[in-house]
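What follows is the content of work.cif, which has mmCIF, C-alpha atoms:
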data_my_file
loop_
_atom_site.label_atom_id
_atom_site.label_comp_id
_atom_site.auth_asym_id
_atom_site.auth_seq_id
_atom_site.Cartn_x
_atom_site.Cartn_y
_atom_site.Cartn_z
CA MET A 1 -21.32 139.53 96.07
CA LYS A 2 -19.81 140.64 92.76
CA THR A 3 -22.64 142.67 91.24
CA ALA A 4 -23.27 144.24 87.82
CA ILE A 5 -25.91 146.94 87.30
CA LEU A 6 -27.29 147.19 83.77
CA VAL A 7 -29.04 150.42 82.71
CA LEU A 8 -30.63 151.65 79.49
CA SER A 9 -31.41 155.29 80.29
CA GLN A 10 -30.03 158.34 82.02
CA SER A 11 -32.53 157.98 84.87
CA GLY A 12 -31.43 154.36 85.26
CA LEU A 13 -27.80 155.47 85.35
CA ASN A 14 -28.60 157.94 88.12
CA LEU A 15 -30.24 155.17 90.15
CA ALA A 16 -27.22 152.93 89.55
CA ARG A 17 -24.86 155.66 90.74
CA GLY A 18 -26.84 155.89 93.97
CA LEU A 19 -26.57 152.14 94.52
CA ARG A 20 -22.89 152.03 93.70
CA ALA A 21 -22.16 154.85 96.15
CA SER A 22 -23.25 152.65 99.06
CA PRO A 23 -20.30 151.35 101.14
CA ALA A 24 -22.05 147.97 101.17
CA TRP A 25 -21.49 147.54 97.41
CA PRO A 26 -17.69 147.66 96.98
CA GLU A 27 -17.51 145.27 94.00
CA THR A 28 -20.35 146.79 91.99
CA VAL A 29 -19.89 148.09 88.45
CA VAL A 30 -22.37 149.76 86.10
CA PHE A 31 -22.87 149.01 82.42
CA GLY A 32 -24.87 151.11 80.00
CA PRO A 33 -25.16 151.93 76.27
CA SER A 34 -22.37 154.15 74.98
CA CYS A 35 -24.72 157.12 74.46
CA VAL A 36 -26.04 156.90 78.03
CA VAL A 37 -22.67 156.65 79.77
CA GLY A 38 -21.17 159.55 77.86
CA ARG A 39 -19.97 158.79 74.35
CA CYS A 40 -22.35 158.05 71.48
CA GLY A 41 -19.51 157.35 69.07
CA GLY A 42 -18.33 154.44 71.25
CA GLY A 43 -14.79 153.45 72.08
CA PRO A 44 -12.65 153.93 75.20
CA VAL A 45 -12.76 157.16 77.14
CA GLY A 46 -9.95 158.05 79.56
CA ASP A 47 -7.80 155.52 81.37
CA GLY A 48 -8.84 152.15 82.60
CA GLN A 49 -9.66 148.69 81.35
CA SER A 50 -12.89 146.83 80.88
CA PRO A 51 -13.60 144.59 83.91
CA SER A 52 -13.04 140.84 83.84
CA ASN A 53 -13.37 139.33 80.37
CA LEU A 54 -16.14 141.50 79.02
CA SER A 55 -14.90 142.00 75.48
CA LYS A 56 -17.84 144.13 74.37
CA THR A 57 -17.48 146.87 76.98
CA PHE A 58 -15.14 149.83 77.47
CA PRO A 59 -14.33 152.40 80.18
CA SER A 60 -16.64 155.42 80.12
CA GLY A 61 -14.27 157.77 81.91
CA GLU A 62 -16.38 157.62 85.10
CA PRO A 63 -14.95 155.25 87.73
CA GLY A 64 -16.90 152.01 87.91
CA VAL A 65 -19.04 152.83 84.86
CA PHE A 66 -18.58 151.06 81.53
CA GLY A 67 -20.23 151.39 78.17
CA TRP A 68 -21.18 148.98 75.44
CA ILE A 69 -21.79 149.30 71.72
CA GLY A 70 -24.44 147.29 69.93
CA PRO A 71 -27.43 145.31 71.23
CA LEU A 72 -27.84 144.45 74.90
CA ARG A 73 -28.45 140.79 73.99
CA LEU A 74 -24.76 140.45 73.15
CA VAL A 75 -23.61 141.93 76.47
CA VAL A 76 -25.89 140.06 78.88
CA PRO A 77 -24.37 136.56 78.33
CA GLU A 78 -20.90 137.88 79.22
CA VAL A 79 -22.18 139.64 82.34
CA TRP A 80 -24.10 136.47 83.24
CA ARG A 81 -20.89 134.43 83.23
CA GLU A 82 -18.75 136.92 85.13
CA TYR A 83 -20.98 138.20 87.95
CA ASP A 84 -22.72 136.71 91.00
CA ALA A 85 -25.65 139.12 90.75
CA ILE A 86 -27.27 141.37 88.14
CA VAL A 87 -29.45 144.37 88.90
CA ALA A 88 -31.23 145.42 85.71
CA VAL A 89 -32.79 148.89 85.69
CA MET A 90 -35.24 148.39 82.84
CA ALA A 91 -38.55 146.74 81.94
CA LEU A 92 -39.18 143.29 83.38
CA GLY A 93 -40.14 141.88 79.97
CA ILE A 94 -36.75 142.78 78.48
CA VAL A 95 -34.93 140.94 81.24
CA VAL A 96 -37.14 137.85 81.03
CA ARG A 97 -36.50 137.52 77.30
CA LEU A 98 -32.75 137.98 77.68
CA ILE A 99 -32.07 135.68 80.62
CA GLY A 100 -34.56 132.94 79.77
CA PRO A 101 -32.20 131.09 77.40
CA LEU A 102 -29.28 131.53 79.85
CA ALA A 103 -30.90 130.04 82.98
CA ALA A 104 -29.64 126.50 83.45
CA ASP A 105 -28.96 125.60 87.10
CA LYS A 106 -30.38 127.30 90.19
CA ARG A 107 -27.21 126.38 92.10
CA ARG A 108 -24.97 128.28 89.67
CA ASP A 109 -27.08 130.94 87.95
CA PRO A 110 -26.59 134.51 89.22
CA ALA A 111 -29.17 136.40 91.23
CA VAL A 112 -31.22 138.71 89.00
CA VAL A 113 -33.21 141.69 90.27
CA VAL A 114 -35.19 144.11 88.10
CA VAL A 115 -35.75 147.75 89.10
CA ASP A 116 -38.10 150.02 87.17
CA ASP A 117 -36.70 153.22 85.71
CA ALA A 118 -38.43 155.34 88.35
CA GLY A 119 -36.94 153.33 91.21
CA ARG A 120 -40.32 152.34 92.67
CA PHE A 121 -39.98 148.55 92.79
CA ALA A 122 -37.23 145.95 93.17
CA ILE A 123 -38.28 142.54 91.84
CA PRO A 124 -36.28 139.31 92.24
CA VAL A 125 -36.59 137.48 88.91
CA LEU A 126 -34.18 134.58 89.32
CA GLY A 127 -32.34 132.97 92.24
CA GLY A 128 -34.65 134.29 94.96
CA HIS A 129 -33.31 131.98 97.65
CA GLY A 130 -30.42 129.99 96.21
CA ALA A 131 -28.54 132.94 94.71
CA GLY A 132 -29.75 135.53 97.20
CA ALA A 133 -31.95 137.60 94.87
CA ASN A 134 -34.61 138.14 97.54
CA ASP A 135 -32.09 139.62 99.96
CA LEU A 136 -30.54 141.63 97.14
CA ALA A 137 -33.94 143.07 96.21
CA ARG A 138 -34.53 144.10 99.81
CA ARG A 139 -31.13 145.83 99.94
CA VAL A 140 -31.77 147.63 96.65
CA ALA A 141 -35.21 148.70 97.80
CA ASP A 142 -33.84 149.98 101.09
CA LEU A 143 -31.21 152.10 99.34
CA LEU A 144 -33.63 153.51 96.76
CA GLY A 145 -36.65 153.90 99.01
CA ALA A 146 -38.45 151.38 96.78
CA THR A 147 -40.79 148.47 97.47
CA PRO A 148 -39.35 144.94 97.27
CA VAL A 149 -41.72 142.59 95.45
CA ILE A 150 -41.01 139.13 96.88
CA THR A 151 -43.08 136.31 95.39
CA THR A 152 -41.46 133.11 96.72
CA ALA A 153 -43.99 131.08 98.69
CA SER A 154 -42.03 130.73 101.93
CA ASP A 155 -41.39 134.48 102.15
CA ALA A 156 -45.00 135.30 101.32
CA GLN A 157 -46.19 133.01 104.13
CA GLY A 158 -43.52 133.98 106.65
CA LEU A 159 -42.03 130.48 106.68
CA PRO A 160 -38.37 129.40 106.73
CA ALA A 161 -36.77 129.16 103.30
CA VAL A 162 -35.01 125.81 103.53
CA ASP A 163 -32.16 126.84 101.23
CA GLU A 164 -31.46 129.88 103.42
CA ILE A 165 -31.42 128.19 106.83
CA GLY A 166 -28.04 128.89 108.41
CA ARG A 167 -26.66 130.64 105.32
CA ASP A 168 -25.86 133.77 107.33
CA ARG A 169 -23.89 131.52 109.74
CA GLY A 170 -21.90 129.68 107.09
CA TRP A 171 -23.78 126.38 107.44
CA ARG A 172 -23.34 123.95 104.58
CA ILE A 173 -26.28 122.04 103.09
CA GLU A 174 -26.07 118.35 102.24
CA ARG A 175 -28.57 116.16 100.37
CA ILE A 176 -29.25 119.19 98.20
CA GLU A 177 -31.09 117.01 95.70
CA ASN A 178 -33.98 116.87 98.21
CA LEU A 179 -34.35 120.64 98.38
CA THR A 180 -37.44 120.98 96.19
CA ARG A 181 -39.39 118.23 97.95
CA VAL A 182 -38.57 119.54 101.43
CA ALA A 183 -39.38 123.13 100.45
CA ALA A 184 -42.74 121.97 99.12
CA ALA A 185 -43.55 120.28 102.44
CA VAL A 186 -42.71 123.48 104.31
CA VAL A 187 -44.96 125.76 102.23
CA ARG A 188 -47.77 123.18 102.19
CA ARG A 189 -47.58 123.15 105.99
CA GLN A 190 -47.03 119.41 106.16
CA THR A 191 -45.24 117.87 109.16
CA VAL A 192 -41.53 118.71 109.23
CA ALA A 193 -39.31 117.06 111.85
CA VAL A 194 -36.38 119.15 113.09
CA TYR A 195 -33.44 117.41 114.76
CA GLN A 196 -30.60 119.60 116.06
CA ASP A 197 -27.60 118.72 118.21
CA SER A 198 -25.13 121.48 117.31
CA GLY A 199 -24.95 125.03 116.02
CA GLY A 200 -26.89 128.12 117.07
CA ARG A 201 -30.40 127.26 118.22
CA ASP A 202 -31.96 130.57 117.19
CA TRP A 203 -31.57 130.06 113.42
CA TRP A 204 -35.31 130.26 112.83
CA LEU A 205 -35.81 133.74 114.28
CA ARG A 206 -34.85 135.54 111.06
CA PHE A 207 -37.86 133.96 109.34
CA GLY A 208 -40.49 134.80 111.95
CA PRO A 209 -42.26 132.71 114.59
CA TRP A 210 -41.63 128.99 114.94
CA PRO A 211 -43.95 127.27 112.42
CA GLU A 212 -46.69 125.14 113.98
CA HIS A 213 -46.02 122.27 111.57
CA PHE A 214 -42.33 122.07 112.57
CA VAL A 215 -41.84 119.40 115.25
CA ARG A 216 -38.65 119.33 117.32
CA VAL A 217 -37.34 115.81 117.93
CA GLU A 218 -34.61 114.82 120.36
CA SER A 219 -33.57 111.46 118.90
CA TRP A 220 -33.33 109.67 115.59
CA ASP A 221 -35.92 107.14 116.81
CA GLU A 222 -38.50 109.89 117.23
CA ILE A 223 -38.24 110.68 113.52
CA ALA A 224 -39.22 107.14 112.58
CA ARG A 225 -42.18 107.18 114.98
CA LEU A 226 -43.36 110.58 113.73
CA ASP A 227 -43.09 109.62 110.03
CA PRO A 228 -42.92 113.27 108.88
CA THR A 229 -43.29 114.52 105.33
CA ALA A 230 -39.83 116.12 105.56
CA VAL A 231 -36.86 116.18 107.92
CA LEU A 232 -34.39 118.95 108.75
CA VAL A 233 -31.19 117.76 110.43
CA ILE A 234 -28.81 120.32 111.96
CA SER A 235 -25.82 118.37 113.18
CA ASP A 236 -22.05 118.03 113.07
CA ARG A 237 -22.38 114.25 113.42
CA ILE A 238 -22.91 111.71 110.67
CA GLU A 239 -26.61 110.93 110.50
CA PRO A 240 -27.94 107.35 110.42
CA VAL A 241 -28.75 105.85 107.04
CA SER A 242 -32.26 105.12 108.30
CA LEU A 243 -33.39 108.72 107.81
CA PRO A 244 -36.20 109.10 105.25
CA ASP A 245 -34.66 108.93 101.80
CA GLY A 246 -35.57 111.73 99.43
CA ARG A 247 -37.13 114.00 102.05
CA THR A 248 -34.25 114.91 104.36
CA LEU A 249 -32.05 118.02 104.29
CA VAL A 250 -28.88 118.12 106.40
CA TYR A 251 -27.24 121.32 107.61
CA ARG A 252 -23.63 121.34 108.79
CA PRO A 253 -22.86 124.10 111.29
CA ARG A 254 -19.18 125.04 111.33
CA THR A 255 -18.48 123.78 114.81
CA LEU A 256 -15.47 121.46 114.59
CA VAL A 257 -11.85 122.62 114.77
CA ALA A 258 -9.07 120.26 113.73
CA GLY A 259 -5.79 120.84 115.51
CA ILE A 260 -3.03 119.40 113.34
CA GLY A 261 0.66 118.73 113.79
CA CYS A 262 2.80 117.23 111.06
CA LYS A 263 6.32 116.46 109.93
CA ARG A 264 7.95 118.69 107.38
CA GLY A 265 6.84 117.92 103.86
CA THR A 266 3.73 115.93 104.77
CA THR A 267 1.46 116.18 101.75
CA CYS A 268 -2.04 117.60 101.60
CA GLU A 269 -3.32 114.19 100.51
CA THR A 270 -1.82 112.47 103.55
CA ILE A 271 -3.21 115.08 105.92
CA ALA A 272 -6.65 114.99 104.30
CA ALA A 273 -6.81 111.19 104.45
CA HIS A 274 -5.99 111.10 108.17
CA VAL A 275 -8.35 113.94 109.11
CA GLU A 276 -11.22 112.40 107.14
CA ALA A 277 -10.53 108.96 108.61
CA THR A 278 -10.49 110.41 112.13
CA PHE A 279 -13.77 112.23 111.60
CA ALA A 280 -15.41 109.13 110.13
CA ALA A 281 -14.19 106.88 112.95
CA GLU A 282 -15.67 109.26 115.53
CA GLY A 283 -18.94 109.74 113.65
CA LEU A 284 -18.19 113.40 112.90
CA ALA A 285 -19.19 115.18 109.71
CA ILE A 286 -16.28 116.61 107.76
CA GLY A 287 -18.73 119.18 106.38
CA SER A 288 -18.77 120.80 109.83
CA LEU A 289 -15.04 121.49 109.80
CA ALA A 290 -14.69 125.13 110.84
CA ALA A 291 -10.94 125.68 110.88
CA VAL A 292 -7.51 124.08 110.84
CA ALA A 293 -5.25 125.13 113.72
CA THR A 294 -1.57 124.57 114.39
CA VAL A 295 1.56 126.22 115.79
CA THR A 296 3.34 129.07 113.97
CA LEU A 297 6.32 126.79 113.41
CA LYS A 298 4.08 124.99 110.90
CA ALA A 299 2.49 128.11 109.41
CA ASP A 300 4.44 127.76 106.16
CA GLU A 301 3.76 124.05 105.74
CA PRO A 302 2.40 123.65 102.16
CA GLY A 303 0.41 120.50 102.96
CA LEU A 304 -1.44 122.13 105.85
CA ILE A 305 -2.16 125.30 103.90
CA ALA A 306 -3.40 123.31 100.92
CA PHE A 307 -5.64 121.14 103.10
CA ALA A 308 -7.31 124.15 104.74
CA ARG A 309 -7.77 125.75 101.34
CA SER A 310 -9.25 122.56 99.87
CA ARG A 311 -11.89 122.50 102.62
CA GLY A 312 -12.56 126.24 102.35
CA VAL A 313 -11.75 126.94 106.00
CA PRO A 314 -9.34 129.27 107.83
CA PHE A 315 -5.81 128.14 108.59
CA LEU A 316 -4.86 129.43 112.05
CA ALA A 317 -1.36 129.37 113.49
CA TYR A 318 -0.61 130.20 117.15
CA PRO A 319 2.74 131.17 118.69
CA PRO A 320 4.18 128.42 120.93
CA GLU A 321 3.73 130.53 124.07
CA GLU A 322 -0.05 130.56 123.46
CA LEU A 323 -0.16 126.76 123.41
CA VAL A 324 1.87 126.02 126.56
CA ASP A 325 -0.77 126.18 129.28
CA VAL A 326 -4.00 125.55 127.36
CA PRO A 327 -6.46 123.71 129.67
CA GLY A 328 -7.73 120.35 128.45
CA ILE A 329 -4.60 118.77 126.93
CA GLU A 330 -4.88 114.99 127.42
CA THR A 331 -1.84 113.47 125.72
CA PRO A 332 1.24 115.65 126.23
CA SER A 333 4.46 114.50 124.61
CA GLU A 334 7.91 114.96 126.13
CA ARG A 335 9.35 114.44 122.66
CA VAL A 336 7.40 117.40 121.31
CA ARG A 337 8.28 119.47 124.39
CA SER A 338 12.00 118.78 123.93
CA LYS A 339 11.84 119.88 120.29
CA ILE A 340 9.64 123.00 120.35
CA GLY A 341 9.08 123.74 124.04
CA ILE A 342 5.34 122.94 124.24
CA PRO A 343 3.62 119.76 125.42
CA ALA A 344 1.74 119.14 122.17
CA VAL A 345 0.54 120.77 118.94
CA SER A 346 -2.71 119.27 117.74
CA GLU A 347 -4.58 119.20 121.07
CA PRO A 348 -3.77 122.70 122.37
CA ALA A 349 -4.25 124.19 118.89
CA ALA A 350 -7.73 122.66 118.60
CA LEU A 351 -8.66 123.84 122.11
CA ARG A 352 -7.23 127.32 121.62
CA ALA A 353 -8.96 127.90 118.29
CA SER A 354 -12.35 126.55 119.40
CA GLY A 355 -12.45 128.15 122.84
CA ALA A 356 -13.31 124.73 124.30
CA THR A 357 -11.82 123.29 127.47
CA VAL A 358 -12.55 119.65 126.64
CA LEU A 359 -11.46 117.77 123.54
CA LEU A 360 -14.01 116.01 121.41
CA VAL A 361 -11.31 113.73 119.96
CA THR A 362 -7.91 113.29 121.60
CA LYS A 363 -4.78 113.14 119.46
CA THR A 364 -4.78 110.48 116.76
CA LYS A 365 -1.61 109.55 114.89
CA GLY A 366 -1.25 108.99 111.18
CA PRO A 367 1.72 108.81 108.80
CA GLY A 368 3.60 111.98 109.69
CA VAL A 369 0.52 113.75 111.04
CA THR A 370 -1.47 114.07 114.27
CA VAL A 371 -5.05 115.33 114.59
CA ALA A 372 -7.21 116.36 117.54
CA VAL A 373 -10.74 117.79 117.36
CA ALA A 374 -12.61 120.26 119.57
CA ARG A 375 -16.14 121.60 119.26
CA ALA A 376 -16.82 125.32 119.52
CA SER A 377 -19.76 126.66 121.49
CA GLY A 378 -23.09 127.07 119.73
CA ASN A 379 -23.20 130.83 120.24
CA ALA A 380 -19.71 131.62 118.97
CA THR A 381 -19.07 133.71 115.87
CA PRO A 382 -17.91 131.98 112.65
CA TYR A 383 -14.40 132.52 111.41
CA HIS A 384 -13.66 134.73 108.46
CA ILE A 385 -11.56 132.77 105.98
CA GLY A 386 -7.89 133.68 106.15
CA ILE A 387 -4.62 132.93 107.83
CA GLY A 388 -4.26 134.12 111.39
CA VAL A 389 -6.15 134.09 114.65
CA GLY A 390 -9.84 134.90 114.55
CA PRO A 391 -12.90 134.64 116.80
CA ASN A 392 -14.34 131.27 117.67
CA PRO A 393 -16.46 129.27 115.22
CA GLY A 394 -19.60 127.43 116.14
CA ALA A 395 -22.60 129.27 114.75
#
Please re-express this file's structure in structure tokens.
Amino acid sequence: MKTAILVLSQSGLNLARGLRASPAWPETVVFGPSCVVGRCGGGPVGDGQSPSNLSKTFPSGEPGVFGWIGPLRLVVPEVWREYDAIVAVMALGIVVRLIGPLAADKRRDPAVVVVDDAGRFAIPVLGGHGAGANDLARRVADLLGATPVITTASDAQGLPAVDEIGRDRGWRIERIENLTRVAAAVVRRQTVAVYQDSGGRDWWLRFGPWPEHFVRVESWDEIARLDPTAVLVISDRIEPVSLPDGRTLVYRPRTLVAGIGCKRGTTCETIAAHVEATFAAEGLAIGSLAAVATVTLKADEPGLIAFARSRGVPFLAYPPEELVDVPGIETPSERVRSKIGIPAVSEPAALRASGATVLLVTKTKGPGVTVAVARASGNATPYHIGIGVGPNPGA
């Protein structure tokens, strides 16, 4: 998380230096008034450039520390736009007044944490769950030996925060417009139905014990009979339209690997259309796509690379020798074997990348593209985004 630390005093600067020294904070920079960071006259000191597009700041001469001239109220809006998180070492009232006019959308606003000048408390002010301010406050408190002051209702009651379920596993949330209503049902301890057919089953452990008002259901019909106040769906399959409107949240574990083969020059749009059509026809959620896999002979294919990038997933390419004897291939092709020496591309690539031995969807053909789908195991580790071979998805 790209983090900015704002300080107003020398003691605040010392605290910021301690935070920035942590190996866990590689992208953290510190901003302070010119007098505090070393030059009351203002202006650049030493080599270096101001980070990002912050026009009102300058290098202090100390690596990772930048100064500003003039009032803080002119600096904060620029920091707000450029950083994912802000740690402000100053009075809470100052921060509230400065960020109040800037807060617009909980899905896009940065996380804001306030730390007192003595380093006693770390207080999430904005973006507790959605932007990760609660977790940030805990990390700051741990590094400073401070007390995190967490006020969100779910945390205070030891209940799951619905906008944090599966976040550490890379799960995507759908029906986000229902977040507030579902979160209210959770903290009010009203009946919440939980349907899960994919992904790691231990997601709830990080929040504490299983809540008594959470009811596990094994079928969509059970949800209708239960008539719960809210519904949590954890699935890589398209849910029925009959689910309660306005009170359902859907989580997409990254469990599905698309093995893809294509002709040279096949466009991203063509590939995307066929993959999405295949997923829809099989009742699979495209939001659960974990990775795109192929053979190294296609590793430089612009359409494939662009498709993986557009979905925000890894693009994995395997040498032909690693796709020759993969168990589970169902539709080998002598034409493919004669050209590149392996029985297929899409099926073995999907199986190899997922770690599965059985295909979820056998090869489907589109205009210049083939797609096969395999599901990773629920206990596998998510991929890190990048090109190359990584561990299996499926969390």
Exercise for the section: Choose the residue, out of A:Val76, A:Leu143, A:Ile123, A:Leu92, that has the smallest atom-to-atom separation from Ala21 (chain A); count only C-alpha atoms. Expected result: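 Closest residue, counting only C-alpha atoms: A:Leu143.
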Exercise for the section: Report as a PyMOL selection string the residues that result from applying the PyMOL selection byres ((chain A and resi 68-70) around 8) to the structure here. Expected result: chain A and resi 31-34+42+56-58+66-67+71-72+74-75
Practice task
Kindly give the distance, in Å, that separates CA of Val373 (chain A) and CA of Leu316 (chain A), rounded to a single decimal.
Solution key: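 According to the coordinates, CA of Val373 (chain A) and CA of Leu316 (chain A) are separated by 14.1 Å.
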Exercise for the section: Can you turn the PyMOL selection byres ((chain A and resi 240) around 12) into a concrete residue list for this file, as a list in words? Expected result: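 Taken on the displayed file, the PyMOL selection byres ((chain A and resi 240) around 12) yields the residues Ser219, Trp220, Asp221, Ile223, Ala224, Val233, Ser235, Arg237, Ile238, Glu239, Val241, Ser242, Leu243, Pro244, Asp245, Thr248, Val250, Gly283, Leu284 and Ala285 of chain A.
One finds CA of Ser288 (chain A) at 10.8 Å from CA of Glu174 (chain A).
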Decode the PyMOL selection byres ((chain A and resi 370) around 9) for the given file into explicit residues and return them as an mmCIF file with C-alpha atoms, keeping the file's coordinate frame.
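The resulting part-v6.cif:
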data_model
loop_
_atom_site.group_PDB
_atom_site.id
_atom_site.type_symbol
_atom_site.label_atom_id
_atom_site.label_comp_id
_atom_site.auth_asym_id
_atom_site.auth_seq_id
_atom_site.Cartn_x
_atom_site.Cartn_y
_atom_site.Cartn_z
ATOM 1 C CA GLY A 259 -5.790 120.840 115.510
ATOM 2 C CA ILE A 260 -3.030 119.400 113.340
ATOM 3 C CA GLY A 261 0.660 118.730 113.790
ATOM 4 C CA CYS A 262 2.800 117.230 111.060
ATOM 5 C CA ILE A 271 -3.210 115.080 105.920
ATOM 6 C CA HIS A 274 -5.990 111.100 108.170
ATOM 7 C CA VAL A 275 -8.350 113.940 109.110
ATOM 8 C CA VAL A 345 0.540 120.770 118.940
ATOM 9 C CA SER A 346 -2.710 119.270 117.740
ATOM 10 C CA LYS A 363 -4.780 113.140 119.460
ATOM 11 C CA THR A 364 -4.780 110.480 116.760
ATOM 12 C CA LYS A 365 -1.610 109.550 114.890
ATOM 13 C CA GLY A 366 -1.250 108.990 111.180
ATOM 14 C CA PRO A 367 1.720 108.810 108.800
ATOM 15 C CA GLY A 368 3.600 111.980 109.690
ATOM 16 C CA VAL A 369 0.520 113.750 111.040
ATOM 17 C CA VAL A 371 -5.050 115.330 114.590
ATOM 18 C CA ALA A 372 -7.210 116.360 117.540
#
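For the atom pair formed by CA of Ile340 (chain A) and CA of Ile305 (chain A), the distance is 20.4 Å, given to one decimal.
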Which residues of region 218-332 of chain A sit at most 7 Å from region 177-197 of chain A, using all atoms listed in the file? Give each one's shortest atom pair and distance in Å (one decimal place), in chain and ascending residue order, as a Markdown table.
| residue | atom | partner | partner_atom | distance |
| --- | --- | --- | --- | --- |
| A:Glu218 | CA | A:Tyr195 | CA | 6.3 |
| A:Ile223 | CA | A:Ala193 | CA | 6.7 |
| A:Pro228 | CA | A:Thr191 | CA | 5.2 |
| A:Thr229 | CA | A:Thr191 | CA | 5.4 |
| A:Ala230 | CA | A:Val192 | CA | 4.8 |
| A:Val231 | CA | A:Ala193 | CA | 4.7 |
| A:Leu232 | CA | A:Val194 | CA | 4.8 |
| A:Val233 | CA | A:Tyr195 | CA | 4.9 |
| A:Ile234 | CA | A:Gln196 | CA | 4.5 |
| A:Ser235 | CA | A:Asp197 | CA | 5.3 |
| A:Gly246 | CA | A:Asn178 | CA | 5.5 |
| A:Arg247 | CA | A:Asn178 | CA | 5.7 |
| A:Thr248 | CA | A:Asn178 | CA | 6.5 |
| A:Leu249 | CA | A:Asn178 | CA | 6.5 |
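These residues, each with an atom at most 9 Å from (-27.9, 135.4, 89.4) using all atoms listed in the file, are Trp80, Tyr83, Asp84, Ala85, Ile86, Ala103, Lys106, Arg108, Asp109, Pro110, Ala111, Val112, Val113, Val125, Leu126, Gly127, Gly128, Ala131, Gly132 and Ala133 of chain A.
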Keeping C-alpha atoms for every residue in the selection just given, could you write it to a file as an mmCIF file, in the coordinates of the input?
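Full text of selection.cif as output:
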data_model
loop_
_atom_site.group_PDB
_atom_site.id
_atom_site.type_symbol
_atom_site.label_atom_id
_atom_site.label_comp_id
_atom_site.auth_asym_id
_atom_site.auth_seq_id
_atom_site.Cartn_x
_atom_site.Cartn_y
_atom_site.Cartn_z
ATOM 1 C CA TRP A 80 -24.100 136.470 83.240
ATOM 2 C CA TYR A 83 -20.980 138.200 87.950
ATOM 3 C CA ASP A 84 -22.720 136.710 91.000
ATOM 4 C CA ALA A 85 -25.650 139.120 90.750
ATOM 5 C CA ILE A 86 -27.270 141.370 88.140
ATOM 6 C CA ALA A 103 -30.900 130.040 82.980
ATOM 7 C CA LYS A 106 -30.380 127.300 90.190
ATOM 8 C CA ARG A 108 -24.970 128.280 89.670
ATOM 9 C CA ASP A 109 -27.080 130.940 87.950
ATOM 10 C CA PRO A 110 -26.590 134.510 89.220
ATOM 11 C CA ALA A 111 -29.170 136.400 91.230
ATOM 12 C CA VAL A 112 -31.220 138.710 89.000
ATOM 13 C CA VAL A 113 -33.210 141.690 90.270
ATOM 14 C CA VAL A 125 -36.590 137.480 88.910
ATOM 15 C CA LEU A 126 -34.180 134.580 89.320
ATOM 16 C CA GLY A 127 -32.340 132.970 92.240
ATOM 17 C CA GLY A 128 -34.650 134.290 94.960
ATOM 18 C CA ALA A 131 -28.540 132.940 94.710
ATOM 19 C CA GLY A 132 -29.750 135.530 97.200
ATOM 20 C CA ALA A 133 -31.950 137.600 94.870
#
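Closest approach to Pro124 (chain A) among A:Val36, A:Ile329, A:Ala349, A:Ala88: A:Ala88, based on all atoms listed in the file.
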Exercise for the section: Would you please work out which residue, of A:Val96, A:Thr267, A:Arg252, A:Leu19, is nearest to Asp142 (chain A) when using only C-alpha atoms? Expected result: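 Looking at the shortest contact to Asp142 (chain A), the residue is A:Leu19.
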Exercise for the section: Return the single residue from A:Val257, A:Ile5, A:Val79, A:Val29 that is closest to Ile99 (chain A), with distances computed using all atoms listed in the file. Expected result: A:Val79
Exercise for the section: Have a look at A:Val217, A:Ala272, A:Val324, A:Leu144 and name the one nearest to Gly18 (chain A); count only C-alpha atoms. Expected result: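 Closest candidate: A:Leu144.
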Fill in the blank from the handout: Residue with the minimum atom-to-atom distance to Ala308 (chain A), picked from A:Ala258, A:Val336, A:Thr357, A:Pro348 with only C-alpha atoms counted, is A:Ala258
